[in-house]
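The next block is target-v7.txt, given as compact mmCIF, C-alpha atoms and all ligand atoms.
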```
# COMPACT_ATOMS: atom_id res chain seq x y z
CA MET A 830 92.39 103.09 101.32
CA ARG A 831 89.73 103.67 98.64
CA ALA A 832 89.96 101.65 95.48
CA GLY A 833 90.87 104.61 93.30
CA TYR A 834 89.02 107.66 92.04
CA ASP A 835 87.08 108.36 88.90
CA LEU A 836 88.68 110.58 86.28
CA GLU A 837 86.74 111.54 83.19
CA LEU A 838 87.54 113.66 80.16
CA VAL A 839 84.47 115.20 78.58
CA HIS A 840 84.70 116.71 75.07
CA LEU A 841 88.23 117.78 75.96
CA THR A 842 89.84 119.95 73.29
CA LYS A 843 93.11 121.88 73.13
CA ARG A 844 94.01 124.46 70.51
CA TYR A 845 97.26 126.35 70.13
CA GLY A 846 96.35 129.05 67.61
CA ASP A 847 95.31 127.13 64.50
CA THR A 848 96.75 123.81 65.70
CA ILE A 849 94.30 121.37 67.26
CA ALA A 850 96.48 119.34 69.63
CA VAL A 851 93.59 117.44 71.28
CA ARG A 852 90.22 117.01 69.56
CA ASP A 853 87.05 116.27 71.51
CA LEU A 854 88.39 113.49 73.78
CA ASN A 855 85.85 111.54 75.76
CA HIS A 856 87.24 108.97 78.12
CA ARG A 857 86.67 107.56 81.58
CA PHE A 858 89.77 106.16 83.22
CA ALA A 859 89.18 102.99 85.22
CA PRO A 860 89.71 103.88 88.93
CA GLY A 861 92.88 102.54 90.52
CA SER A 862 94.44 101.44 87.25
CA TYR A 863 97.75 101.89 85.48
CA VAL A 864 96.96 103.68 82.24
CA CYS A 865 99.39 104.41 79.42
CA LEU A 866 98.68 107.17 76.91
CA LEU A 867 100.48 105.79 73.90
CA GLY A 868 101.12 107.36 70.51
CA PRO A 869 103.70 108.89 68.21
CA SER A 870 105.32 112.24 68.87
CA GLY A 871 102.95 115.16 68.32
CA CYS A 872 99.70 113.17 68.70
CA GLY A 873 98.57 115.19 71.74
CA LYS A 874 99.59 113.00 74.70
CA SER A 875 101.46 115.66 76.67
CA SER A 876 98.83 118.30 76.02
CA THR A 877 96.22 115.91 77.42
CA LEU A 878 98.35 115.17 80.48
CA ARG A 879 99.16 118.83 81.09
CA MET A 880 95.48 119.76 80.91
CA ILE A 881 94.64 117.05 83.47
CA ALA A 882 97.43 118.40 85.71
CA GLY A 883 96.32 122.00 85.26
CA HIS A 884 99.57 123.13 83.65
CA GLU A 885 97.69 123.94 80.45
CA ASP A 886 94.25 125.56 80.09
CA VAL A 887 91.54 123.58 78.36
CA SER A 888 90.17 125.16 75.17
CA GLU A 889 86.85 123.31 75.38
CA GLY A 890 85.32 120.54 77.44
CA SER A 891 86.06 119.49 80.98
CA ILE A 892 88.03 117.28 83.33
CA VAL A 893 86.01 115.66 86.09
CA LEU A 894 87.86 114.11 89.03
CA ASP A 895 86.02 112.33 91.84
CA GLY A 896 82.74 113.95 90.81
CA GLN A 897 84.11 117.48 90.63
CA ASP A 898 84.87 119.59 87.55
CA VAL A 899 88.52 120.53 88.10
CA SER A 900 89.10 122.08 84.66
CA TRP A 901 89.78 125.57 85.98
CA MET A 902 91.35 124.74 89.31
CA ALA A 903 95.00 125.45 90.11
CA PRO A 904 97.26 122.38 89.84
CA ALA A 905 97.76 122.08 93.61
CA GLN A 906 93.99 122.14 94.29
CA ARG A 907 92.98 119.34 91.93
CA GLY A 908 94.10 116.20 93.65
CA THR A 909 96.53 115.38 90.86
CA ALA A 910 100.32 115.38 90.96
CA MET A 911 102.75 115.36 88.07
CA MET A 912 106.16 113.78 87.76
CA PHE A 913 108.15 115.55 85.10
CA GLN A 914 110.53 114.00 82.61
CA ASN A 915 113.50 116.05 83.88
CA TYR A 916 112.43 115.50 87.53
CA ALA A 917 112.72 119.28 88.25
CA LEU A 918 114.31 118.81 91.70
CA PHE A 919 115.54 121.88 93.59
CA PRO A 920 119.36 121.65 93.40
CA HIS A 921 120.01 123.51 96.66
CA LEU A 922 117.60 121.44 98.79
CA SER A 923 118.37 118.07 100.35
CA VAL A 924 116.45 115.03 99.19
CA ARG A 925 114.27 115.18 102.33
CA ASP A 926 113.51 118.89 101.85
CA ASN A 927 112.73 118.34 98.17
CA VAL A 928 110.16 115.71 99.11
CA ALA A 929 108.76 117.86 101.93
CA PHE A 930 108.62 121.02 99.79
CA SER A 931 104.90 121.10 98.98
CA LEU A 932 104.06 120.43 102.66
CA ARG A 933 106.20 123.43 103.63
CA MET A 934 104.19 125.52 101.15
CA LYS A 935 101.02 124.32 102.90
CA GLY A 936 102.41 125.43 106.28
CA VAL A 937 102.97 121.95 107.74
CA ASP A 938 105.48 122.19 110.61
CA LYS A 939 108.99 120.90 110.13
CA ALA A 940 108.81 117.78 112.31
CA ALA A 941 105.56 116.64 110.68
CA ARG A 942 106.68 117.29 107.11
CA HIS A 943 110.02 115.58 107.65
CA ALA A 944 108.29 112.56 109.16
CA ARG A 945 106.00 112.37 106.15
CA ALA A 946 108.90 112.86 103.72
CA ASP A 947 110.78 110.02 105.41
CA GLU A 948 107.77 107.72 104.95
CA LEU A 949 107.74 108.48 101.23
CA LEU A 950 111.51 108.03 100.96
CA ALA A 951 111.11 104.61 102.57
CA LEU A 952 108.40 103.77 100.03
CA VAL A 953 110.80 104.46 97.14
CA ASP A 954 113.75 102.87 98.97
CA MET A 955 115.74 106.11 99.33
CA THR A 956 115.94 106.44 103.13
CA ARG A 957 119.72 106.38 103.25
CA MET A 958 120.01 109.24 100.73
CA ALA A 959 117.74 111.67 102.61
CA ASP A 960 120.50 114.17 103.45
CA ARG A 961 122.11 114.30 100.01
CA LEU A 962 121.68 116.98 97.36
CA PRO A 963 120.16 116.02 93.98
CA ALA A 964 123.53 116.43 92.25
CA GLN A 965 124.91 113.63 94.45
CA LEU A 966 122.39 111.13 93.07
CA SER A 967 122.27 108.95 89.97
CA GLY A 968 119.51 109.46 87.40
CA GLY A 969 117.52 106.53 88.75
CA GLN A 970 117.81 107.85 92.31
CA GLN A 971 116.73 111.34 91.26
CA GLN A 972 113.71 109.77 89.69
CA ARG A 973 112.77 108.01 92.93
CA VAL A 974 113.00 111.33 94.75
CA ALA A 975 110.83 113.00 92.12
CA LEU A 976 108.27 110.22 92.60
CA ALA A 977 108.32 110.61 96.39
CA ARG A 978 107.90 114.35 95.97
CA ALA A 979 104.88 113.92 93.68
CA LEU A 980 103.28 111.39 96.04
CA VAL A 981 103.74 113.42 99.24
CA THR A 982 100.57 115.41 98.48
CA GLU A 983 98.56 112.15 98.44
CA PRO A 984 97.22 112.70 94.93
CA LYS A 985 94.11 110.92 93.66
CA VAL A 986 95.82 110.57 90.28
CA LEU A 987 99.55 110.55 89.50
CA LEU A 988 100.55 111.88 86.09
CA LEU A 989 103.86 110.81 84.58
CA ASP A 990 105.24 112.42 81.43
CA GLU A 991 107.67 110.03 79.68
CA PRO A 992 109.07 109.14 83.13
CA LEU A 993 111.56 106.53 81.91
CA SER A 994 112.99 108.20 78.83
CA ALA A 995 116.06 109.67 80.58
CA LEU A 996 117.18 106.29 81.97
CA ASP A 997 119.47 103.72 80.37
CA PRO A 998 117.69 100.58 79.08
CA PHE A 999 118.64 98.40 82.05
CA LEU A 1000 117.44 100.91 84.62
CA ARG A 1001 114.34 101.60 82.58
CA ILE A 1002 113.20 98.01 83.00
CA ARG A 1003 113.92 98.09 86.74
CA MET A 1004 112.05 101.36 87.25
CA ARG A 1005 109.16 99.98 85.23
CA ALA A 1006 108.72 97.26 87.84
CA GLU A 1007 109.03 99.85 90.62
CA LEU A 1008 106.33 102.07 89.13
CA LYS A 1009 104.01 99.12 88.75
CA ARG A 1010 104.61 98.05 92.37
CA LEU A 1011 103.97 101.59 93.67
CA GLN A 1012 100.75 101.90 91.70
CA ARG A 1013 99.51 98.60 93.06
CA GLU A 1014 100.45 99.49 96.65
CA LEU A 1015 98.89 102.96 96.52
CA GLY A 1016 95.77 101.89 94.61
CA ILE A 1017 95.50 105.25 92.82
CA THR A 1018 95.36 105.78 89.06
CA PHE A 1019 98.68 106.37 87.30
CA ILE A 1020 98.50 107.99 83.86
CA HIS A 1021 101.80 107.48 82.11
CA VAL A 1022 102.63 109.08 78.75
CA THR A 1023 104.90 107.08 76.48
CA HIS A 1024 105.65 106.61 72.79
CA GLY A 1025 107.04 103.11 73.46
CA GLN A 1026 104.64 100.25 72.80
CA ASP A 1027 106.78 97.78 74.77
CA GLU A 1028 106.68 100.11 77.78
CA ALA A 1029 102.90 100.43 77.50
CA LEU A 1030 102.40 96.67 77.16
CA ALA A 1031 104.68 95.99 80.14
CA LEU A 1032 102.99 98.48 82.46
CA ALA A 1033 99.44 99.23 81.52
CA ASP A 1034 96.19 97.74 82.69
CA GLU A 1035 94.62 100.04 80.13
CA ILE A 1036 96.20 101.45 76.97
CA VAL A 1037 94.81 104.59 75.35
CA VAL A 1038 96.25 104.84 71.85
CA MET A 1039 96.26 108.39 70.46
CA ASN A 1040 96.84 109.46 66.89
CA ASP A 1041 96.54 112.90 65.39
CA ALA A 1042 94.75 114.53 68.37
CA VAL A 1043 92.15 111.78 68.90
CA ILE A 1044 91.84 108.48 70.76
CA GLU A 1045 92.21 105.76 68.17
CA GLN A 1046 91.53 102.86 70.56
CA ALA A 1047 91.33 102.37 74.33
CA GLY A 1048 91.07 99.16 76.28
CA PRO A 1049 92.85 96.54 78.34
CA ALA A 1050 96.45 96.08 77.16
CA ARG A 1051 95.87 92.52 75.94
CA GLU A 1052 92.80 93.52 74.00
CA VAL A 1053 94.54 96.40 72.23
CA TRP A 1054 97.39 94.07 71.35
CA ALA A 1055 95.29 91.10 70.27
CA ARG A 1056 92.53 93.04 68.53
CA PRO A 1057 93.79 96.33 67.12
CA ARG A 1058 90.83 98.14 65.67
CA THR A 1059 92.58 100.10 62.94
CA GLU A 1060 95.60 99.77 60.71
CA PHE A 1061 97.29 102.58 62.65
CA VAL A 1062 96.95 100.74 65.97
CA ALA A 1063 98.06 97.43 64.42
CA ARG A 1064 101.21 99.02 63.01
CA PHE A 1065 101.96 101.11 66.07
CA ILE A 1066 101.51 98.35 68.63
CA GLY A 1067 103.78 96.09 66.55
CA GLY A 1068 103.96 92.33 66.14
CA HIS A 1069 101.20 92.38 63.52
CA ASN A 1070 101.17 92.07 59.75
CA VAL A 1071 98.63 94.15 57.86
CA ILE A 1072 97.56 92.28 54.73
CA ALA A 1073 95.24 93.38 51.93
CA LEU A 1074 92.68 90.60 51.28
CA PRO A 1075 89.66 90.55 48.93
CA GLY A 1076 87.25 91.48 51.76
CA GLY A 1077 89.41 94.37 53.05
CA LYS A 1078 92.44 94.72 55.27
CA ALA A 1079 93.24 92.24 58.00
CA THR A 1080 95.99 91.59 60.49
CA VAL A 1081 97.70 88.42 61.48
CA ARG A 1082 100.27 88.24 64.23
CA ALA A 1083 103.84 87.58 63.17
CA ASP A 1084 104.00 84.55 65.47
CA ALA A 1085 100.91 83.06 63.79
CA VAL A 1086 102.48 83.02 60.31
CA ALA A 1087 104.09 79.78 59.17
CA ILE A 1088 106.13 78.89 56.09
CA ALA A 1089 104.30 75.99 54.47
CA GLU A 1090 103.71 73.93 51.31
CA ASP A 1091 100.65 75.94 50.32
CA GLY A 1092 99.61 79.48 50.96
CA LEU A 1093 100.27 83.04 49.93
CA ALA A 1094 103.28 83.32 47.58
CA ALA A 1095 106.05 85.60 48.85
CA THR A 1096 109.79 86.20 48.56
CA VAL A 1097 112.12 86.27 51.56
CA THR A 1098 113.72 89.71 51.91
CA ALA A 1099 115.54 89.37 55.25
CA VAL A 1100 116.32 86.80 57.93
CA GLU A 1101 117.19 87.82 61.46
CA TYR A 1102 118.20 85.43 64.21
CA GLN A 1103 116.74 86.59 67.51
CA GLY A 1104 117.59 83.69 69.81
CA ALA A 1105 114.35 81.93 70.68
CA ALA A 1106 112.86 82.92 67.33
CA VAL A 1107 113.98 83.75 63.81
CA ALA A 1108 112.34 86.74 62.12
CA VAL A 1109 111.78 86.05 58.43
CA THR A 1110 110.66 89.12 56.49
CA THR A 1111 108.93 88.49 53.18
CA ARG A 1112 107.20 90.45 50.45
CA THR A 1113 104.00 89.16 48.85
CA GLU A 1114 103.21 89.50 45.13
CA SER A 1115 100.82 92.35 45.93
CA GLY A 1116 103.64 94.16 47.73
CA ASP A 1117 102.67 93.65 51.38
CA GLU A 1118 105.53 93.06 53.77
CA VAL A 1119 104.78 90.04 55.96
CA LEU A 1120 106.89 89.06 58.94
CA ALA A 1121 106.94 85.47 60.14
CA LEU A 1122 108.36 84.89 63.60
CA LEU A 1123 109.38 81.22 63.56
CA PRO A 1124 110.51 79.18 66.56
CA GLU A 1125 114.23 78.72 66.02
CA GLU A 1126 114.12 74.90 65.81
CA GLN A 1127 111.43 75.10 63.14
CA PHE A 1128 113.46 77.61 61.12
CA PHE A 1129 116.70 75.65 61.26
CA ALA A 1130 114.89 72.45 60.25
CA ALA A 1131 114.32 74.16 56.87
CA PRO A 1132 116.40 77.37 56.73
CA LYS A 1133 115.50 80.12 54.25
CA THR A 1134 117.68 82.78 52.72
CA PRO A 1135 116.86 86.17 51.18
CA GLY A 1136 115.64 85.85 47.58
CA GLU A 1137 113.99 82.47 48.14
CA ALA A 1138 110.37 81.93 47.12
CA VAL A 1139 108.17 80.70 49.98
CA ARG A 1140 104.51 80.21 50.81
CA LEU A 1141 102.95 81.74 53.89
CA SER A 1142 100.05 80.24 55.78
CA TRP A 1143 98.11 80.83 58.95
CA ASP A 1144 95.09 79.51 60.73
CA GLU A 1145 92.07 81.50 59.47
CA ARG A 1146 90.96 81.93 63.07
CA ARG A 1147 94.07 84.01 63.71
CA LEU A 1148 93.09 86.49 61.02
CA HIS A 1149 91.59 89.66 62.39
CA ARG A 1150 89.63 92.06 60.16
CA LEU A 1151 90.29 95.79 60.50
CA GLN A 1152 87.74 98.57 60.39
CA ALA A 1153 87.58 100.00 56.88
P1 LIG B 1 102.89 114.55 72.18
O1 LIG B 1 102.99 114.67 73.65
O2 LIG B 1 102.02 113.40 71.75
O3 LIG B 1 104.22 114.54 71.49
P2 LIG B 1 101.91 117.28 72.24
O4 LIG B 1 100.70 117.29 73.08
O5 LIG B 1 103.19 117.76 72.84
O6 LIG B 1 102.11 115.83 71.61
O7 LIG B 1 101.65 118.17 70.93
C1 LIG B 1 100.48 118.02 70.14
C2 LIG B 1 100.48 119.09 69.06
O8 LIG B 1 100.39 120.37 69.63
C3 LIG B 1 101.74 119.10 68.20
O9 LIG B 1 101.38 119.43 66.89
C4 LIG B 1 102.57 120.20 68.84
O10 LIG B 1 103.42 120.78 67.90
C5 LIG B 1 101.51 121.18 69.29
N1 LIG B 1 101.91 121.93 70.49
C6 LIG B 1 102.23 121.40 71.70
N2 LIG B 1 102.52 122.38 72.59
C7 LIG B 1 102.40 123.56 71.92
C8 LIG B 1 102.55 124.93 72.30
N3 LIG B 1 102.89 125.28 73.54
N4 LIG B 1 102.32 125.85 71.34
C9 LIG B 1 101.95 125.50 70.09
N5 LIG B 1 101.80 124.24 69.68
C10 LIG B 1 102.00 123.26 70.58
```
What do you get writing this file as structure tokens?
Amino acid sequence: MRAGYDLELVHLTKRYGDTIAVRDLNHRFAPGSYVCLLGPSGCGKSSTLRMIAGHEDVSEGSIVLDGQDVSWMAPAQRGTAMMFQNYALFPHLSVRDNVAFSLRMKGVDKAARHARADELLALVDMTRMADRLPAQLSGGQQQRVALARALVTEPKVLLLDEPLSALDPFLRIRMRAELKRLQRELGITFIHVTHGQDEALALADEIVVMNDAVIEQAGPAREVWARPRTEFVARFIGGHNVIALPGGKATVRADAVAIAEDGLAATVTAVEYQGAAVAVTTRTESGDEVLALLPEEQFFAAPKTPGEAVRLSWDERRLHRLQA
């Protein structure tokens, strides 16, 4: 198997009337990687995904997959496949026939398409459900079928639009691991749209953070988390405090803030016990909210309560300046 295909967005723009949903995106997705498009509702994630899939026309720019401009090709011709949020399974077809559906459209004979469908069902661990109807499956099982159906066309890139949002929290974490395993086994690029930073951190090799129709930051998950470039990314990715300092704004991670003898004066506003850590929320004299995530033993050695005056300190090396 090849080690993934190149997908590149070149000056990609989407307009709906006067609304600019996607503004001049330029991005090359690392081949064979798990990519999360992350951002708040309305920032343009789905429009971007739908343009890559061919379910939405591009207004300007192009989509280049494996060296070919696919911008105006029909979805089925592009080498992409999409897994929808609601799975969109055919209710009257068995699981096996759902998975084999696109092969039937291509004229593949019944024995061959069923054999291929069975391979995909084995891949998603659904072999024993092959003869059921979608209505006889749980949400998690329907999702596995939808995945098998998307993968049966052997796409170069799999597109997933909020694939875990319909699942309960427990199942969501299990399916997360399944998606990651599948991506690794298949070696193709997965592009997964989510508004959940924890989901993106758990899954992504690369995170593309979008805000207001543009890419705000893109890079390896650990880099985006450790070195957010802008205040928006720092706040959206979570776990960071944004503090106004004389030289401009900076971030410091909540787990790098300590309560000490000297430091920035603040007042405790809330204390939350989280098990391994205690989250102490404070407000500085200049009005910044600063969260300190203290190891629980350290907190209970000198407990604090709301209203108490404290001093906050951190190692200067943990301070990270933001772009103005
Ligand atoms: P996200 O997936 O990040 O929530 P979308 O790509 O769905 O964002 O939407 C981006 C912007 O485009 C939003 O302002 C949204 O209201 C608008 N938009 C999306 N689809 C349509 C449409 N079919 N017609 C008009 N406006 C749309």
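Ranking A:Val1139, A:Gln914, A:Leu878, A:Leu952 by their shortest atom-to-atom distance to Leu996 in chain A, with all atoms listed in the file included, puts A:Gln914 first.
Interatomic distance, CA of Pro998 in chain A to CA of Gln1026 in chain A: 14.5 Å.
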With a distance cut-off of 8 Å and all atoms listed in the file, select the neighbouring residues of Ala975 in chain A, excluding the residue or stretch itself and same-chain residues fewer than 3 positions from it, and output the selection as a PyMOL selection string. chain A and resi 912-913+916-918+928+971-972+978-979
Please list as a list in words every residue within 9 Å of Glu1090 in chain A, counting only C-alpha atoms and excluding residues in the same chain fewer than 6 positions away. Val1139, Arg1140, Leu1141 and Ser1142 of chain A
With C-alpha atoms retained, could you export that selection as a compact mmCIF listing (two decimals), keeping the file's coordinate frame?
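Ended up saving to part-v3.txt:
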```
# COMPACT_ATOMS: atom_id res chain seq x y z
CA VAL A 1139 108.17 80.70 49.98
CA ARG A 1140 104.51 80.21 50.81
CA LEU A 1141 102.95 81.74 53.89
CA SER A 1142 100.05 80.24 55.78
```
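Of the residues under consideration (A:Gln897, A:Thr1111, A:Thr848, A:Thr1080), A:Thr1111 shows the shortest atom-to-atom contact distance to Ala1095 in chain A when counting all atoms listed in the file.
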Using all atoms listed in the file, I'd like a table of the residues in chain A that come within 9 Å of ligand LIG 1 (chain B); for each, show the closest atom pair and its distance in Å rounded to one decimal, ordered by chain and ascending number, as a tab-separated table.
```
residue	atom	partner	partner_atom	distance
A:Lys843	CA	B:LIG1	O8	8.2
A:Arg844	CA	B:LIG1	O8	7.6
A:Tyr845	CA	B:LIG1	C9	4.8
A:Gly846	CA	B:LIG1	C9	7.1
A:Asp847	CA	B:LIG1	N5	8.8
A:Thr848	CA	B:LIG1	O8	6.4
A:Ile849	CA	B:LIG1	O8	6.6
A:Ala850	CA	B:LIG1	O8	4.0
A:Val851	CA	B:LIG1	C1	7.0
A:Leu866	CA	B:LIG1	O2	8.8
A:Leu867	CA	B:LIG1	O2	8.1
A:Gly868	CA	B:LIG1	O2	6.2
A:Pro869	CA	B:LIG1	O2	6.0
A:Ser870	CA	B:LIG1	O3	3.7
A:Gly871	CA	B:LIG1	O6	3.5
A:Cys872	CA	B:LIG1	O2	3.8
A:Gly873	CA	B:LIG1	O4	3.3
A:Lys874	CA	B:LIG1	O2	3.8
A:Ser875	CA	B:LIG1	O1	3.5
A:Ser876	CA	B:LIG1	O4	3.6
A:Thr877	CA	B:LIG1	O4	6.4
A:Leu878	CA	B:LIG1	O4	8.0
A:Arg879	CA	B:LIG1	O4	8.3
A:Glu885	CA	B:LIG1	N3	8.8
A:Asp990	CA	B:LIG1	O1	8.4
A:Glu991	CA	B:LIG1	O1	8.9
A:Val1022	CA	B:LIG1	O1	7.6
A:Thr1023	CA	B:LIG1	O1	8.3
A:His1024	CA	B:LIG1	O2	7.8
A:Met1039	CA	B:LIG1	O2	7.7
A:Asn1040	CA	B:LIG1	O2	8.1
A:Asp1041	CA	B:LIG1	C1	8.0
A:Ala1042	CA	B:LIG1	C1	6.9
```
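When CA of Leu1122 in chain A is paired with CA of Ala1079 in chain A, their separation reads 17.7 Å.
Of the residues under consideration (A:Asp1084, A:Glu1126, A:Glu1114, A:Glu1060), A:Glu1114 shows the shortest atom-to-atom contact distance to Val1097 in chain A when counting all atoms listed in the file.
Counting from CA of Glu837 in chain A, the distance to CA of Leu894 in chain A is 6.5 Å.
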From the list A:Thr1110, A:Gln965, A:Thr982, A:Asn1070, which residue is nearest Ala1083 in chain A when using only C-alpha atoms? A:Asn1070
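Near Arg1056 in chain A, within 9 Å and counting all atoms listed in the file, sit Ala1063, Thr1080, His1149, Arg1150 and Leu1151 of chain A, not including residues fewer than 6 positions from it in the same chain.
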Can you build me a table of range 884-926 of chain A residues sitting at most 12 Å from range 936-944 of chain A, with the closest atom pair per residue and its distance in Å to one decimal, using only C-alpha atoms, sorted by chain and residue number, as a tab-separated table?
```
residue	atom	partner	partner_atom	distance
A:Ser923	CA	A:His943	CA	11.4
A:Val924	CA	A:His943	CA	10.6
A:Arg925	CA	A:His943	CA	6.8
A:Asp926	CA	A:His943	CA	7.5
```
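Near Ala951 in chain A, within 12 Å and counting all atoms listed in the file, sit Arg925, Val928, Ala944, Arg945, Ala946, Asp947, Glu948, Leu949, Val953, Asp954, Met955, Thr956, Arg957, Met958, Ala959, Arg973, Val974, Leu976, Ala977, Val981 and Leu1011 of chain A; same-chain residues fewer than 2 positions away were not included.
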Pull C-alpha atoms from the residues just selected and write them as a compact mmCIF listing (two decimals), in the coordinates of the input.
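What ended up in selection36.txt:
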```
# COMPACT_ATOMS: atom_id res chain seq x y z
CA ARG A 925 114.27 115.18 102.33
CA VAL A 928 110.16 115.71 99.11
CA ALA A 944 108.29 112.56 109.16
CA ARG A 945 106.00 112.37 106.15
CA ALA A 946 108.90 112.86 103.72
CA ASP A 947 110.78 110.02 105.41
CA GLU A 948 107.77 107.72 104.95
CA LEU A 949 107.74 108.48 101.23
CA VAL A 953 110.80 104.46 97.14
CA ASP A 954 113.75 102.87 98.97
CA MET A 955 115.74 106.11 99.33
CA THR A 956 115.94 106.44 103.13
CA ARG A 957 119.72 106.38 103.25
CA MET A 958 120.01 109.24 100.73
CA ALA A 959 117.74 111.67 102.61
CA ARG A 973 112.77 108.01 92.93
CA VAL A 974 113.00 111.33 94.75
CA LEU A 976 108.27 110.22 92.60
CA ALA A 977 108.32 110.61 96.39
CA VAL A 981 103.74 113.42 99.24
CA LEU A 1011 103.97 101.59 93.67
```
Who sits within 10 Å of Val1100 in chain A, all atoms listed in the file, same chain under 2 positions skipped, as a list of chain:residue names: A:Val1097, A:Thr1098, A:Tyr1102, A:Gln1103, A:Val1107, A:Ala1108, A:Val1109, A:Thr1110, A:Thr1111, A:Leu1120, A:Ala1121, A:Leu1122, A:Pro1132, A:Lys1133, A:Thr1134, A:Pro1135
Quick one: residues within 8 Å of (83.9, 109.4, 78.9) (file frame), counting all atoms listed in the file, please, as a PyMOL selection string. chain A and resi 837-839+854-858
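If all atoms listed in the file are the atoms counted, then among A:Gly1104, A:Val1043, A:Gln1152, A:Asp1027 the closest residue to Gly1076 in chain A is A:Gln1152.
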